[in-house]
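Reproduced below: input04.cif, with mmCIF, C-alpha atoms and all ligand atoms.
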data_my_file
#
loop_
_atom_site.label_atom_id
_atom_site.label_comp_id
_atom_site.auth_asym_id
_atom_site.auth_seq_id
_atom_site.Cartn_x
_atom_site.Cartn_y
_atom_site.Cartn_z
CA MET A 1 117.11 97.07 93.11
CA SER A 2 115.28 95.55 90.16
CA ALA A 3 112.18 97.16 88.71
CA ARG A 4 108.92 96.16 90.28
CA PRO A 5 105.70 95.52 88.40
CA GLN A 6 103.20 98.30 88.83
CA PRO A 7 99.76 97.23 90.01
CA LYS A 8 96.86 97.65 87.65
CA LEU A 9 94.73 100.18 89.49
CA SER A 10 90.98 100.46 89.48
CA PRO A 11 89.56 103.88 88.78
CA SER A 12 88.85 106.07 91.83
CA PRO A 13 86.36 104.63 94.36
CA ALA A 14 83.67 106.97 93.00
CA THR A 15 84.10 105.58 89.48
CA ALA A 16 84.33 102.01 90.73
CA ALA A 17 81.19 102.54 92.82
CA ALA A 18 79.31 103.96 89.85
CA ARG A 19 80.26 100.87 87.82
CA PHE A 20 79.36 98.40 90.57
CA PRO A 21 77.16 100.05 93.19
CA LEU A 22 77.08 98.69 96.74
CA ASP A 23 74.38 99.99 99.09
CA ALA A 24 75.11 102.03 102.23
CA ALA A 25 74.41 99.13 104.63
CA THR A 26 76.88 96.89 102.75
CA LEU A 27 79.54 99.61 102.78
CA ARG A 28 79.06 100.17 106.53
CA ASN A 29 79.43 96.44 107.10
CA TYR A 30 82.57 96.30 104.92
CA LEU A 31 84.10 99.22 106.79
CA ARG A 32 83.43 97.52 110.13
CA GLN A 33 85.00 94.30 108.84
CA ILE A 34 88.14 96.08 107.61
CA VAL A 35 88.49 97.96 110.92
CA MET A 36 87.95 94.68 112.80
CA MET A 37 90.69 92.87 110.81
CA ARG A 38 93.14 95.79 111.12
CA GLU A 39 92.60 96.23 114.88
CA PHE A 40 92.59 92.48 115.49
CA GLU A 41 96.14 92.34 114.10
CA ARG A 42 97.27 95.42 116.03
CA LEU A 43 96.16 93.91 119.33
CA GLY A 44 97.47 90.47 118.36
CA GLU A 45 100.92 91.88 117.64
CA ARG A 46 100.86 93.70 120.98
CA GLU A 47 100.07 90.42 122.75
CA PHE A 48 102.83 88.65 120.84
CA LYS A 49 105.33 91.26 121.97
CA SER A 50 104.09 90.90 125.55
CA GLY A 51 105.10 87.23 125.33
CA LEU A 52 101.64 85.69 125.51
CA ILE A 53 101.66 84.45 121.91
CA ARG A 54 104.52 82.24 120.86
CA GLY A 55 105.69 80.83 117.54
CA TYR A 56 104.80 82.76 114.40
CA TYR A 57 102.51 85.68 113.61
CA HIS A 58 101.80 86.86 110.05
CA SER A 59 99.75 90.04 109.87
CA TYR A 60 96.99 90.55 107.30
CA ALA A 61 97.10 94.36 107.65
CA GLY A 62 96.82 96.06 104.25
CA GLN A 63 95.22 93.12 102.44
CA GLU A 64 91.72 93.39 103.95
CA ALA A 65 89.82 94.34 100.78
CA VAL A 66 90.80 90.97 99.26
CA GLY A 67 88.99 89.06 101.99
CA VAL A 68 86.05 91.46 102.00
CA GLY A 69 85.34 90.64 98.36
CA PHE A 70 86.42 87.03 98.11
CA VAL A 71 85.31 85.60 101.47
CA ASN A 72 82.05 87.54 101.86
CA SER A 73 80.94 86.49 98.37
CA LEU A 74 81.18 82.78 99.19
CA ASP A 75 78.21 80.82 100.47
CA LEU A 76 79.79 78.98 103.39
CA ASN A 77 76.79 76.68 103.75
CA ARG A 78 78.02 74.91 100.62
CA ASP A 79 81.47 76.35 99.74
CA TYR A 80 84.85 75.66 101.40
CA ILE A 81 88.00 77.68 102.06
CA VAL A 82 91.51 76.24 102.17
CA ASP A 83 93.90 78.98 103.26
CA HIS A 84 97.59 79.57 103.85
CA TYR A 85 99.18 80.86 107.05
CA ARG A 86 98.19 84.56 106.71
CA ASP A 87 94.73 83.54 107.80
CA HIS A 88 93.40 85.62 110.73
CA GLY A 89 91.38 88.03 108.54
CA HIS A 90 89.79 85.21 106.58
CA MET A 91 88.87 83.41 109.80
CA LEU A 92 87.10 86.53 111.07
CA LEU A 93 85.23 86.95 107.78
CA SER A 94 84.15 83.32 107.79
CA GLY A 95 82.17 84.10 110.95
CA MET A 96 84.53 82.90 113.68
CA ASP A 97 84.26 84.60 117.10
CA PRO A 98 87.44 86.69 117.60
CA GLU A 99 87.73 85.27 121.13
CA ARG A 100 88.28 81.77 119.71
CA ILE A 101 90.94 83.08 117.30
CA TYR A 102 92.76 84.88 120.12
CA ALA A 103 92.36 81.75 122.26
CA GLU A 104 94.07 79.76 119.50
CA LEU A 105 96.90 82.28 119.36
CA PHE A 106 97.25 82.00 123.15
CA GLY A 107 97.27 78.17 122.93
CA ARG A 108 94.00 77.75 124.89
CA ARG A 109 91.63 74.81 124.84
CA ASN A 110 88.70 76.84 123.43
CA GLY A 111 90.85 77.98 120.50
CA VAL A 112 89.72 77.35 116.94
CA SER A 113 92.10 74.36 116.72
CA LYS A 114 91.84 73.52 120.45
CA GLY A 115 95.03 75.45 121.10
CA LYS A 116 97.26 73.11 119.10
CA GLY A 117 97.42 74.90 115.74
CA GLY A 118 98.41 78.46 116.54
CA SER A 119 98.42 81.32 114.08
CA MET A 120 99.21 79.30 110.98
CA HIS A 121 96.91 76.34 111.56
CA MET A 122 93.46 77.70 112.25
CA TYR A 123 90.91 75.03 111.35
CA SER A 124 87.15 75.14 111.67
CA PRO A 125 85.16 72.54 109.73
CA GLU A 126 81.85 73.99 111.03
CA ASN A 127 82.73 77.26 109.27
CA HIS A 128 83.89 75.27 106.18
CA PHE A 129 87.39 76.62 106.86
CA LEU A 130 89.87 73.79 106.23
CA GLY A 131 93.13 75.51 107.35
CA GLY A 132 95.60 77.48 107.67
CA ASP A 133 98.80 75.82 106.38
CA GLY A 134 102.41 76.61 107.25
CA ILE A 135 103.74 74.90 104.13
CA VAL A 136 103.88 77.27 101.18
CA GLY A 137 101.63 75.77 98.48
CA GLY A 138 100.49 73.04 100.91
CA GLY A 139 96.79 73.93 100.79
CA ILE A 140 96.52 74.05 96.98
CA PRO A 141 96.22 70.26 96.42
CA VAL A 142 93.84 70.07 99.40
CA ALA A 143 91.53 72.70 97.85
CA THR A 144 91.75 70.86 94.53
CA GLY A 145 90.76 67.62 96.27
CA VAL A 146 87.83 69.39 97.94
CA GLY A 147 86.74 70.63 94.50
CA LEU A 148 86.97 67.08 93.13
CA ALA A 149 84.96 65.70 96.06
CA LEU A 150 82.25 68.35 95.57
CA LYS A 151 82.05 67.41 91.91
CA GLN A 152 81.99 63.65 92.48
CA GLN A 153 79.31 64.00 95.17
CA LYS A 154 77.31 66.21 92.76
CA ARG A 155 77.17 69.01 95.32
CA ASP A 156 76.64 72.58 94.36
CA GLY A 157 79.59 74.08 96.27
CA ILE A 158 82.94 75.43 95.13
CA SER A 159 86.30 75.44 96.89
CA LEU A 160 88.43 78.54 97.35
CA SER A 161 92.18 78.00 97.46
CA ILE A 162 94.01 80.99 98.99
CA PHE A 163 97.78 81.38 98.72
CA GLY A 164 100.49 83.97 98.11
CA ASP A 165 102.61 84.92 95.12
CA GLY A 166 105.43 82.78 96.55
CA ALA A 167 103.30 79.64 96.18
CA LEU A 168 103.56 79.83 92.38
CA ASP A 169 107.17 78.73 92.81
CA THR A 170 106.16 75.39 94.33
CA GLY A 171 105.48 72.14 92.49
CA THR A 172 102.13 71.58 94.19
CA PHE A 173 100.72 74.69 92.50
CA HIS A 174 101.56 73.39 89.01
CA GLU A 175 100.50 69.81 89.69
CA SER A 176 97.19 70.98 91.16
CA LEU A 177 96.28 73.40 88.35
CA ASN A 178 97.06 70.76 85.76
CA MET A 179 94.78 68.25 87.48
CA ALA A 180 92.09 70.86 88.11
CA THR A 181 91.65 71.41 84.38
CA LEU A 182 91.98 67.71 83.56
CA PHE A 183 89.27 66.83 86.08
CA GLN A 184 87.29 70.07 85.63
CA VAL A 185 86.98 70.86 89.33
CA PRO A 186 84.95 73.82 90.66
CA THR A 187 87.91 75.47 92.42
CA VAL A 188 88.89 79.13 92.45
CA TYR A 189 92.63 79.68 92.89
CA LEU A 190 93.02 83.01 94.66
CA CYS A 191 96.60 84.22 94.54
CA ILE A 192 97.14 87.14 96.91
CA ASN A 193 100.03 88.88 95.22
CA ASN A 194 101.40 91.18 97.93
CA MET A 195 104.58 91.66 95.88
CA TYR A 196 106.87 89.72 98.27
CA SER A 197 107.69 86.16 99.22
CA MET A 198 109.31 86.78 102.62
CA GLY A 199 112.04 89.34 101.79
CA THR A 200 112.18 88.48 98.07
CA SER A 201 110.35 90.82 95.71
CA LEU A 202 108.20 89.52 92.88
CA ALA A 203 110.75 90.78 90.36
CA ARG A 204 113.37 88.57 92.00
CA HIS A 205 111.31 85.40 92.43
CA SER A 206 108.92 85.21 89.48
CA SER A 207 109.99 84.42 85.91
CA MET A 208 107.10 86.59 84.68
CA PRO A 209 105.83 89.77 86.32
CA ARG A 210 102.16 88.94 85.73
CA LEU A 211 101.27 85.79 87.66
CA VAL A 212 98.19 85.30 85.50
CA ASP A 213 100.59 84.60 82.64
CA ARG A 214 102.02 81.66 84.57
CA ALA A 215 98.59 80.17 85.27
CA GLN A 216 97.30 80.56 81.74
CA GLY A 217 99.29 77.54 80.58
CA TYR A 218 96.82 75.30 82.41
CA GLY A 219 93.90 76.20 80.19
CA MET A 220 91.70 77.95 82.71
CA GLY A 221 90.19 81.43 82.87
CA THR A 222 92.45 83.98 84.58
CA GLU A 223 92.36 87.63 85.55
CA GLN A 224 94.10 90.31 87.61
CA VAL A 225 92.10 92.30 90.15
CA ASP A 226 92.90 95.43 92.18
CA GLY A 227 93.06 94.11 95.75
CA GLN A 228 92.77 97.52 97.48
CA ASP A 229 89.30 98.34 96.30
CA VAL A 230 86.24 96.61 97.81
CA TRP A 231 84.13 97.32 94.73
CA ALA A 232 86.68 95.63 92.46
CA THR A 233 87.12 92.58 94.71
CA THR A 234 83.37 92.16 95.29
CA GLU A 235 82.48 92.52 91.62
CA ALA A 236 85.20 90.05 90.57
CA ALA A 237 84.38 87.51 93.28
CA GLU A 238 80.64 87.48 92.59
CA ARG A 239 81.16 87.12 88.84
CA ILE A 240 83.90 84.47 89.11
CA TYR A 241 82.03 82.35 91.69
CA ALA A 242 78.85 82.40 89.58
CA ARG A 243 80.86 81.28 86.55
CA VAL A 244 82.71 78.48 88.38
CA ARG A 245 79.48 77.27 90.02
CA LYS A 246 77.75 77.14 86.63
CA GLN A 247 80.55 75.85 84.41
CA LYS A 248 82.15 73.54 87.02
CA LYS A 249 85.60 74.54 85.83
CA PRO A 250 88.58 76.01 87.71
CA TYR A 251 89.59 79.68 87.55
CA PHE A 252 92.74 81.56 88.60
CA VAL A 253 92.61 85.09 89.97
CA GLU A 254 95.56 87.27 90.95
CA VAL A 255 94.76 90.11 93.35
CA LEU A 256 97.31 92.89 93.63
CA THR A 257 97.86 94.12 97.16
CA TYR A 258 100.53 94.86 99.77
CA ARG A 259 101.29 93.74 103.31
CA TYR A 260 102.04 96.62 105.63
CA GLN A 261 104.10 94.68 108.15
CA GLY A 262 107.15 92.52 107.56
CA HIS A 263 106.66 88.91 106.51
CA GLY A 264 106.21 87.83 110.13
CA ILE A 265 106.44 89.63 113.42
CA HIS A 266 110.23 89.24 113.64
CA ASP A 267 110.77 90.86 110.22
CA LYS A 268 110.89 94.66 110.31
CA ALA A 269 111.09 94.83 106.47
CA LEU A 270 113.85 97.39 106.77
CA ASN A 271 116.26 96.27 104.08
CA TYR A 272 114.22 95.10 101.10
CA ARG A 273 111.52 97.73 100.55
CA THR A 274 111.72 101.43 99.91
CA LEU A 275 109.83 104.13 101.77
CA GLU A 276 108.52 105.43 98.41
CA GLU A 277 107.01 102.07 97.61
CA GLU A 278 105.40 101.72 101.05
CA THR A 279 104.02 105.27 100.86
CA ALA A 280 102.51 104.65 97.42
CA TRP A 281 100.65 101.59 98.68
CA HIS A 282 99.46 103.40 101.82
CA GLU A 283 97.97 106.07 99.55
CA ARG A 284 95.65 103.33 98.31
CA ASP A 285 94.95 101.81 101.72
CA PRO A 286 91.67 99.88 101.47
CA LEU A 287 90.45 101.50 104.68
CA LYS A 288 91.33 104.96 103.41
CA LEU A 289 89.72 104.43 99.99
CA LEU A 290 86.49 103.15 101.51
CA SER A 291 86.21 105.65 104.35
CA SER A 292 86.98 108.69 102.17
CA TYR A 293 84.29 107.57 99.71
CA MET A 294 81.80 107.16 102.55
CA ILE A 295 82.62 110.61 103.93
CA GLU A 296 82.30 112.18 100.48
CA GLU A 297 78.97 110.47 99.87
CA LYS A 298 77.79 111.45 103.39
CA ILE A 299 77.16 107.82 104.38
CA MET A 300 79.26 108.29 107.53
CA ASN A 301 81.25 111.24 108.82
CA ARG A 302 84.75 111.22 110.31
CA ALA A 303 83.49 111.25 113.92
CA GLU A 304 81.18 108.29 113.26
CA ILE A 305 84.03 106.32 111.70
CA GLU A 306 86.26 107.02 114.71
CA ALA A 307 83.40 105.99 117.06
CA LEU A 308 83.07 102.76 115.08
CA ARG A 309 86.79 102.10 115.45
CA GLN A 310 86.63 102.67 119.20
CA GLU A 311 83.63 100.37 119.53
CA VAL A 312 85.47 97.61 117.61
CA VAL A 313 88.61 98.06 119.73
CA ALA A 314 86.55 97.83 122.96
CA GLU A 315 84.91 94.65 121.67
CA LEU A 316 88.28 93.12 120.73
CA GLU A 317 89.94 94.12 124.03
CA ALA A 318 87.18 92.27 125.87
CA LYS A 319 87.77 89.21 123.64
CA VAL A 320 91.53 89.33 124.35
CA GLU A 321 90.91 89.47 128.10
CA ALA A 322 88.35 86.64 127.96
CA ALA A 323 90.69 84.44 125.87
CA LYS A 324 93.59 85.08 128.27
CA VAL A 325 91.83 83.50 131.23
CA GLU A 326 90.73 80.37 129.37
CA PRO A 327 92.42 77.09 130.38
CA GLU A 328 95.23 75.52 128.41
CA PRO A 329 94.58 72.07 126.90
CA ASP A 330 95.08 69.27 129.38
CA ALA A 331 98.23 67.18 128.91
CA SER A 332 96.01 64.15 128.37
CA GLU A 333 94.66 65.79 125.15
CA LEU A 334 98.11 66.13 123.65
CA LEU A 335 97.76 63.32 121.14
CA GLU A 336 94.10 63.96 120.25
CA ASP A 337 93.25 65.50 116.83
CA VAL A 338 96.81 65.20 115.54
CA THR A 339 98.27 62.83 112.98
CA LEU A 340 101.42 61.08 114.02
C1 LIG B 401 107.46 74.59 100.99
C2 LIG B 401 107.96 75.77 101.78
N1 LIG B 401 109.06 76.43 101.36
C3 LIG B 401 109.52 77.51 102.06
C4 LIG B 401 108.87 77.91 103.20
C5 LIG B 401 109.38 79.14 103.95
N2 LIG B 401 108.46 80.25 103.72
C6 LIG B 401 107.51 80.55 104.63
S1 LIG B 401 106.55 81.80 104.14
C7 LIG B 401 107.40 82.00 102.69
C8 LIG B 401 107.01 83.09 101.72
C9 LIG B 401 105.76 82.85 100.96
O1 LIG B 401 105.28 84.04 100.42
P1 LIG B 401 103.89 84.18 99.74
O2 LIG B 401 103.45 82.85 99.23
O3 LIG B 401 103.96 85.29 98.77
O4 LIG B 401 102.89 84.55 100.94
P2 LIG B 401 102.86 85.88 101.86
O5 LIG B 401 103.71 85.57 103.07
O6 LIG B 401 103.38 86.99 101.06
O7 LIG B 401 101.44 86.06 102.25
C10 LIG B 401 108.43 81.08 102.62
C11 LIG B 401 109.35 80.99 101.49
C12 LIG B 401 107.73 77.19 103.62
N3 LIG B 401 107.03 77.53 104.71
N4 LIG B 401 107.29 76.13 102.88
MG MG B 402 103.54 87.27 99.03
#
Could you show the structure in this file as structure tokens?
Ligand SMILES: Cc1ncc(C[n+]2csc(CCOP(=O)(O)OP(=O)(O)O)c2C)c(N)n1
Ligand SMILES: [Mg+2]
Amino acid sequence: MSARPQPKLSPSPATAAARFPLDAATLRNYLRQIVMMREFERLGEREFKSGLIRGYYHSYAGQEAVGVGFVNSLDLNRDYIVDHYRDHGHMLLSGMDPERIYAELFGRRNGVSKGKGGSMHMYSPENHFLGGDGIVGGGIPVATGVGLALKQQKRDGISLSIFGDGALDTGTFHESLNMATLFQVPTVYLCINNMYSMGTSLARHSSMPRLVDRAQGYGMGTEQVDGQDVWATTEAAERIYARVRKQKKPYFVEVLTYRYQGHGIHDKALNYRTLEEETAWHERDPLKLLSSYMIEEKIMNRAEIEALRQEVVAELEAKVEAAKVEPEPDASELLEDVTL
């Protein structure tokens, strides 16, 4: 197996917190959000296996600190998100009711995309969430176009383009970044580098181990960020968004993280990753890093964290049950809201 690039790690949470302090209420909220995203996926996968969800299911488990920093720091009254298919966590963070996300997964009429999009095509214009996209790299030109529209309409917002490391191997990525600099659009390109494009490791699909080096050719600011650490992702997101808002220029950020599950629910990730590698990433689990800091700093104790988890699970179980009994779309709606 070829050598894999080692992630650039932030210092310990205590050091990161000293450098960029977040107050206790923010940390409690972040912890709840991470637990919510993790448990949402656990229950979703259970429902998939029970046969209630069909099609595809890509879990966000392990990558939660990326969303905590980069989605929370947006102002969704004026900013927009264009995502790829690993989108459940970002939907939750953008303020969507979990029941409507489960309803979408179950193909129900009250689902985020009226039951016609499924896991990969969540879409909620009222939350400024413009997809979910099953085509690798498909959302990148859309986010660039949103950035151009915001600029032309002299609006204050920015667009956030979210995609994986695999998307750097598509033409749309390169065409979009070239145009973004030419037209000076206020778009942040957020590459979630979870080290794999399906079963292909970064070392086997990328000509350069640092993805920032591939974006630098387009003349925009770039940086790598530790995607396991909520202090690192929050600090980077706040600083980068302020810069892009002010300068009205694009920016590329590569966050280093890891997906715990296989690519999709049918992939058990048995033959392309090592146990050592998985264990090393679990050592720096975003939930573990944050909760151990909070315990050490006496913000919450272990029992309180477990009570929080149980409360979130109870809330989500109720949402699952409510979504299950919702009606399916009527056959007469089949051709509404779709492009033929
Ligand atoms: C244009 C295109 N090519 C290939 C595929 C098949 N495909 C689906 S997901 C995927 C891997 C993408 O990995 P990455 O961008 O790193 O995102 P991750 O799944 O790791 O979040 C591939 C190759 C596709 N959906 N679209
Ligand atoms: Mg990937």
Show me which residues sit within 10 Å of ligand MG 402 (chain B) when counting only C-alpha atoms and all ligand atoms, and put them as a PyMOL selection string.
chain A and resi 86+163-168+191-202+256-259+263
Show which residues sit within 9 Å of A:Ser73, as a list in words. Count all atoms listed in the file, and ignore same-chain residues fewer than 2 positions away.
Val68, Gly69, Phe70, Val71, Asp75, Thr234, Ala237, Glu238 and Tyr241 of chain A
Which of these, A:Leu93, A:Met220, A:Ala25, A:Leu335, has the shortest distance to A:Ile299 once you count only C-alpha atoms?
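Closest candidate: A:Ala25.
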Within-9 Å shell of (92.1, 68.2, 121.9) in input frame, all atoms listed in the file, as a count of residues only:
14
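One distance worth recording is that between atom CA of A:Glu104 and atom CA of A:Ala149, which is 28.8 Å.
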Dump as a VMD selection string all residues having an atom at most 12 Å from (96.6, 92.6, 110.5), computed in the file's coordinates with all atoms listed in the file.
chain A and resid 33 to 46 57 to 65 67 86 to 90 92 119 258 to 265
How big is the axis-aligned box around all listed atoms of stretch 121-134 of chain A once 8 Å goes on each side, and where's its centre, in Å to one decimal, as lines of an AutoDock Vina configuration file?
center_x = 92.1
center_y = 75.1
center_z = 109.2
size_x = 36.6
size_y = 21.2
size_z = 22.1
Residues within 9 Å of stretch 139-147 of chain A, all atoms listed in the file, excluding chain neighbours under 5 positions, as JSON, numbers by chain:
{"A": [80, 81, 82, 83, 84, 130, 131, 132, 133, 134, 152, 157, 158, 159, 160, 161, 162, 163, 167, 172, 173, 175, 176, 177, 179, 180, 184, 185, 186, 187, 188, 189, 250]}
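Note that atom CA of A:Thr170 and atom N2 of ligand LIG 401 (chain B) are 10.8 Å apart.
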Which one is closest to ligand LIG 401 (chain B): A:Met96, A:Met120, A:Ile53, A:Ile135? Count all atoms listed in the file.
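The answer is A:Ile135, which sits nearest to ligand LIG 401 (chain B).
With only C-alpha atoms as the basis for measurement, A:Val253 is the residue among A:Arg239, A:Arg210, A:Arg204, A:Val253 that approaches A:Thr222 most closely.
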For ligand LIG 401 (chain B), which residue among A:Arg284, A:His205, A:Arg243, A:Lys268 is the nearest when counting only C-alpha atoms and all ligand atoms?
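The shortest atom-to-atom distance to ligand LIG 401 (chain B) comes from A:His205.
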Atoms added to stretch 297-322 of chain A (N, CA and C atoms), reported as a PDB file, keeping the file's coordinate frame:
ATOM      1  N   GLU A 297      80.379 110.769 100.221  1.00  0.00           N
ATOM      2  CA  GLU A 297      78.970 110.470  99.870  1.00  0.00           C
ATOM      3  C   GLU A 297      78.022 110.682 101.051  1.00  0.00           C
ATOM      4  N   LYS A 298      78.577 111.175 102.157  1.00  0.00           N
ATOM      5  CA  LYS A 298      77.790 111.450 103.390  1.00  0.00           C
ATOM      6  C   LYS A 298      77.076 110.205 103.933  1.00  0.00           C
ATOM      7  N   ILE A 299      77.733 109.053 103.795  1.00  0.00           N
ATOM      8  CA  ILE A 299      77.160 107.820 104.380  1.00  0.00           C
ATOM      9  C   ILE A 299      77.559 107.756 105.852  1.00  0.00           C
ATOM     10  N   MET A 300      78.784 108.151 106.145  1.00  0.00           N
ATOM     11  CA  MET A 300      79.260 108.290 107.530  1.00  0.00           C
ATOM     12  C   MET A 300      80.199 109.482 107.574  1.00  0.00           C
ATOM     13  N   ASN A 301      80.270 110.153 108.725  1.00  0.00           N
ATOM     14  CA  ASN A 301      81.250 111.240 108.820  1.00  0.00           C
ATOM     15  C   ASN A 301      82.470 110.749 109.632  1.00  0.00           C
ATOM     16  N   ARG A 302      83.485 111.595 109.674  1.00  0.00           N
ATOM     17  CA  ARG A 302      84.750 111.220 110.310  1.00  0.00           C
ATOM     18  C   ARG A 302      84.558 110.778 111.779  1.00  0.00           C
ATOM     19  N   ALA A 303      83.714 111.545 112.490  1.00  0.00           N
ATOM     20  CA  ALA A 303      83.490 111.250 113.920  1.00  0.00           C
ATOM     21  C   ALA A 303      82.809 109.890 114.075  1.00  0.00           C
ATOM     22  N   GLU A 304      81.882 109.589 113.190  1.00  0.00           N
ATOM     23  CA  GLU A 304      81.180 108.290 113.260  1.00  0.00           C
ATOM     24  C   GLU A 304      82.146 107.131 112.958  1.00  0.00           C
ATOM     25  N   ILE A 305      83.056 107.377 112.039  1.00  0.00           N
ATOM     26  CA  ILE A 305      84.030 106.320 111.700  1.00  0.00           C
ATOM     27  C   ILE A 305      84.969 106.079 112.891  1.00  0.00           C
ATOM     28  N   GLU A 306      85.392 107.169 113.533  1.00  0.00           N
ATOM     29  CA  GLU A 306      86.260 107.020 114.710  1.00  0.00           C
ATOM     30  C   GLU A 306      85.501 106.327 115.850  1.00  0.00           C
ATOM     31  N   ALA A 307      84.215 106.649 116.012  1.00  0.00           N
ATOM     32  CA  ALA A 307      83.400 105.990 117.060  1.00  0.00           C
ATOM     33  C   ALA A 307      83.291 104.495 116.755  1.00  0.00           C
ATOM     34  N   LEU A 308      83.139 104.171 115.492  1.00  0.00           N
ATOM     35  CA  LEU A 308      83.070 102.760 115.080  1.00  0.00           C
ATOM     36  C   LEU A 308      84.370 102.047 115.445  1.00  0.00           C
ATOM     37  N   ARG A 309      85.491 102.710 115.148  1.00  0.00           N
ATOM     38  CA  ARG A 309      86.790 102.100 115.450  1.00  0.00           C
ATOM     39  C   ARG A 309      86.928 101.839 116.953  1.00  0.00           C
ATOM     40  N   GLN A 310      86.516 102.828 117.743  1.00  0.00           N
ATOM     41  CA  GLN A 310      86.630 102.670 119.200  1.00  0.00           C
ATOM     42  C   GLN A 310      85.734 101.546 119.722  1.00  0.00           C
ATOM     43  N   GLU A 311      84.565 101.435 119.123  1.00  0.00           N
ATOM     44  CA  GLU A 311      83.630 100.370 119.530  1.00  0.00           C
ATOM     45  C   GLU A 311      84.236  98.990 119.199  1.00  0.00           C
ATOM     46  N   VAL A 312      84.844  98.887 118.016  1.00  0.00           N
ATOM     47  CA  VAL A 312      85.470  97.610 117.610  1.00  0.00           C
ATOM     48  C   VAL A 312      86.641  97.282 118.533  1.00  0.00           C
ATOM     49  N   VAL A 313      87.455  98.292 118.848  1.00  0.00           N
ATOM     50  CA  VAL A 313      88.610  98.060 119.730  1.00  0.00           C
ATOM     51  C   VAL A 313      88.125  97.587 121.106  1.00  0.00           C
ATOM     52  N   ALA A 314      87.073  98.230 121.633  1.00  0.00           N
ATOM     53  CA  ALA A 314      86.550  97.830 122.960  1.00  0.00           C
ATOM     54  C   ALA A 314      86.077  96.379 122.911  1.00  0.00           C
ATOM     55  N   GLU A 315      85.404  96.033 121.821  1.00  0.00           N
ATOM     56  CA  GLU A 315      84.910  94.650 121.670  1.00  0.00           C
ATOM     57  C   GLU A 315      86.098  93.677 121.637  1.00  0.00           C
ATOM     58  N   LEU A 316      87.119  94.018 120.862  1.00  0.00           N
ATOM     59  CA  LEU A 316      88.280  93.120 120.730  1.00  0.00           C
ATOM     60  C   LEU A 316      89.078  93.025 122.040  1.00  0.00           C
ATOM     61  N   GLU A 317      89.209  94.156 122.743  1.00  0.00           N
ATOM     62  CA  GLU A 317      89.940  94.120 124.030  1.00  0.00           C
ATOM     63  C   GLU A 317      89.263  93.158 124.990  1.00  0.00           C
ATOM     64  N   ALA A 318      87.918  93.179 124.983  1.00  0.00           N
ATOM     65  CA  ALA A 318      87.180  92.270 125.870  1.00  0.00           C
ATOM     66  C   ALA A 318      87.423  90.818 125.455  1.00  0.00           C
ATOM     67  N   LYS A 319      87.517  90.574 124.140  1.00  0.00           N
ATOM     68  CA  LYS A 319      87.770  89.210 123.640  1.00  0.00           C
ATOM     69  C   LYS A 319      89.170  88.746 124.041  1.00  0.00           C
ATOM     70  N   VAL A 320      90.147  89.663 123.953  1.00  0.00           N
ATOM     71  CA  VAL A 320      91.530  89.330 124.350  1.00  0.00           C
ATOM     72  C   VAL A 320      91.540  88.927 125.821  1.00  0.00           C
ATOM     73  N   GLU A 321      90.898  89.740 126.664  1.00  0.00           N
ATOM     74  CA  GLU A 321      90.910  89.470 128.100  1.00  0.00           C
ATOM     75  C   GLU A 321      90.219  88.142 128.412  1.00  0.00           C
ATOM     76  N   ALA A 322      89.082  87.889 127.722  1.00  0.00           N
ATOM     77  CA  ALA A 322      88.350  86.640 127.960  1.00  0.00           C
ATOM     78  C   ALA A 322      89.193  85.431 127.526  1.00  0.00           C
TER      79      ALA A 322
END
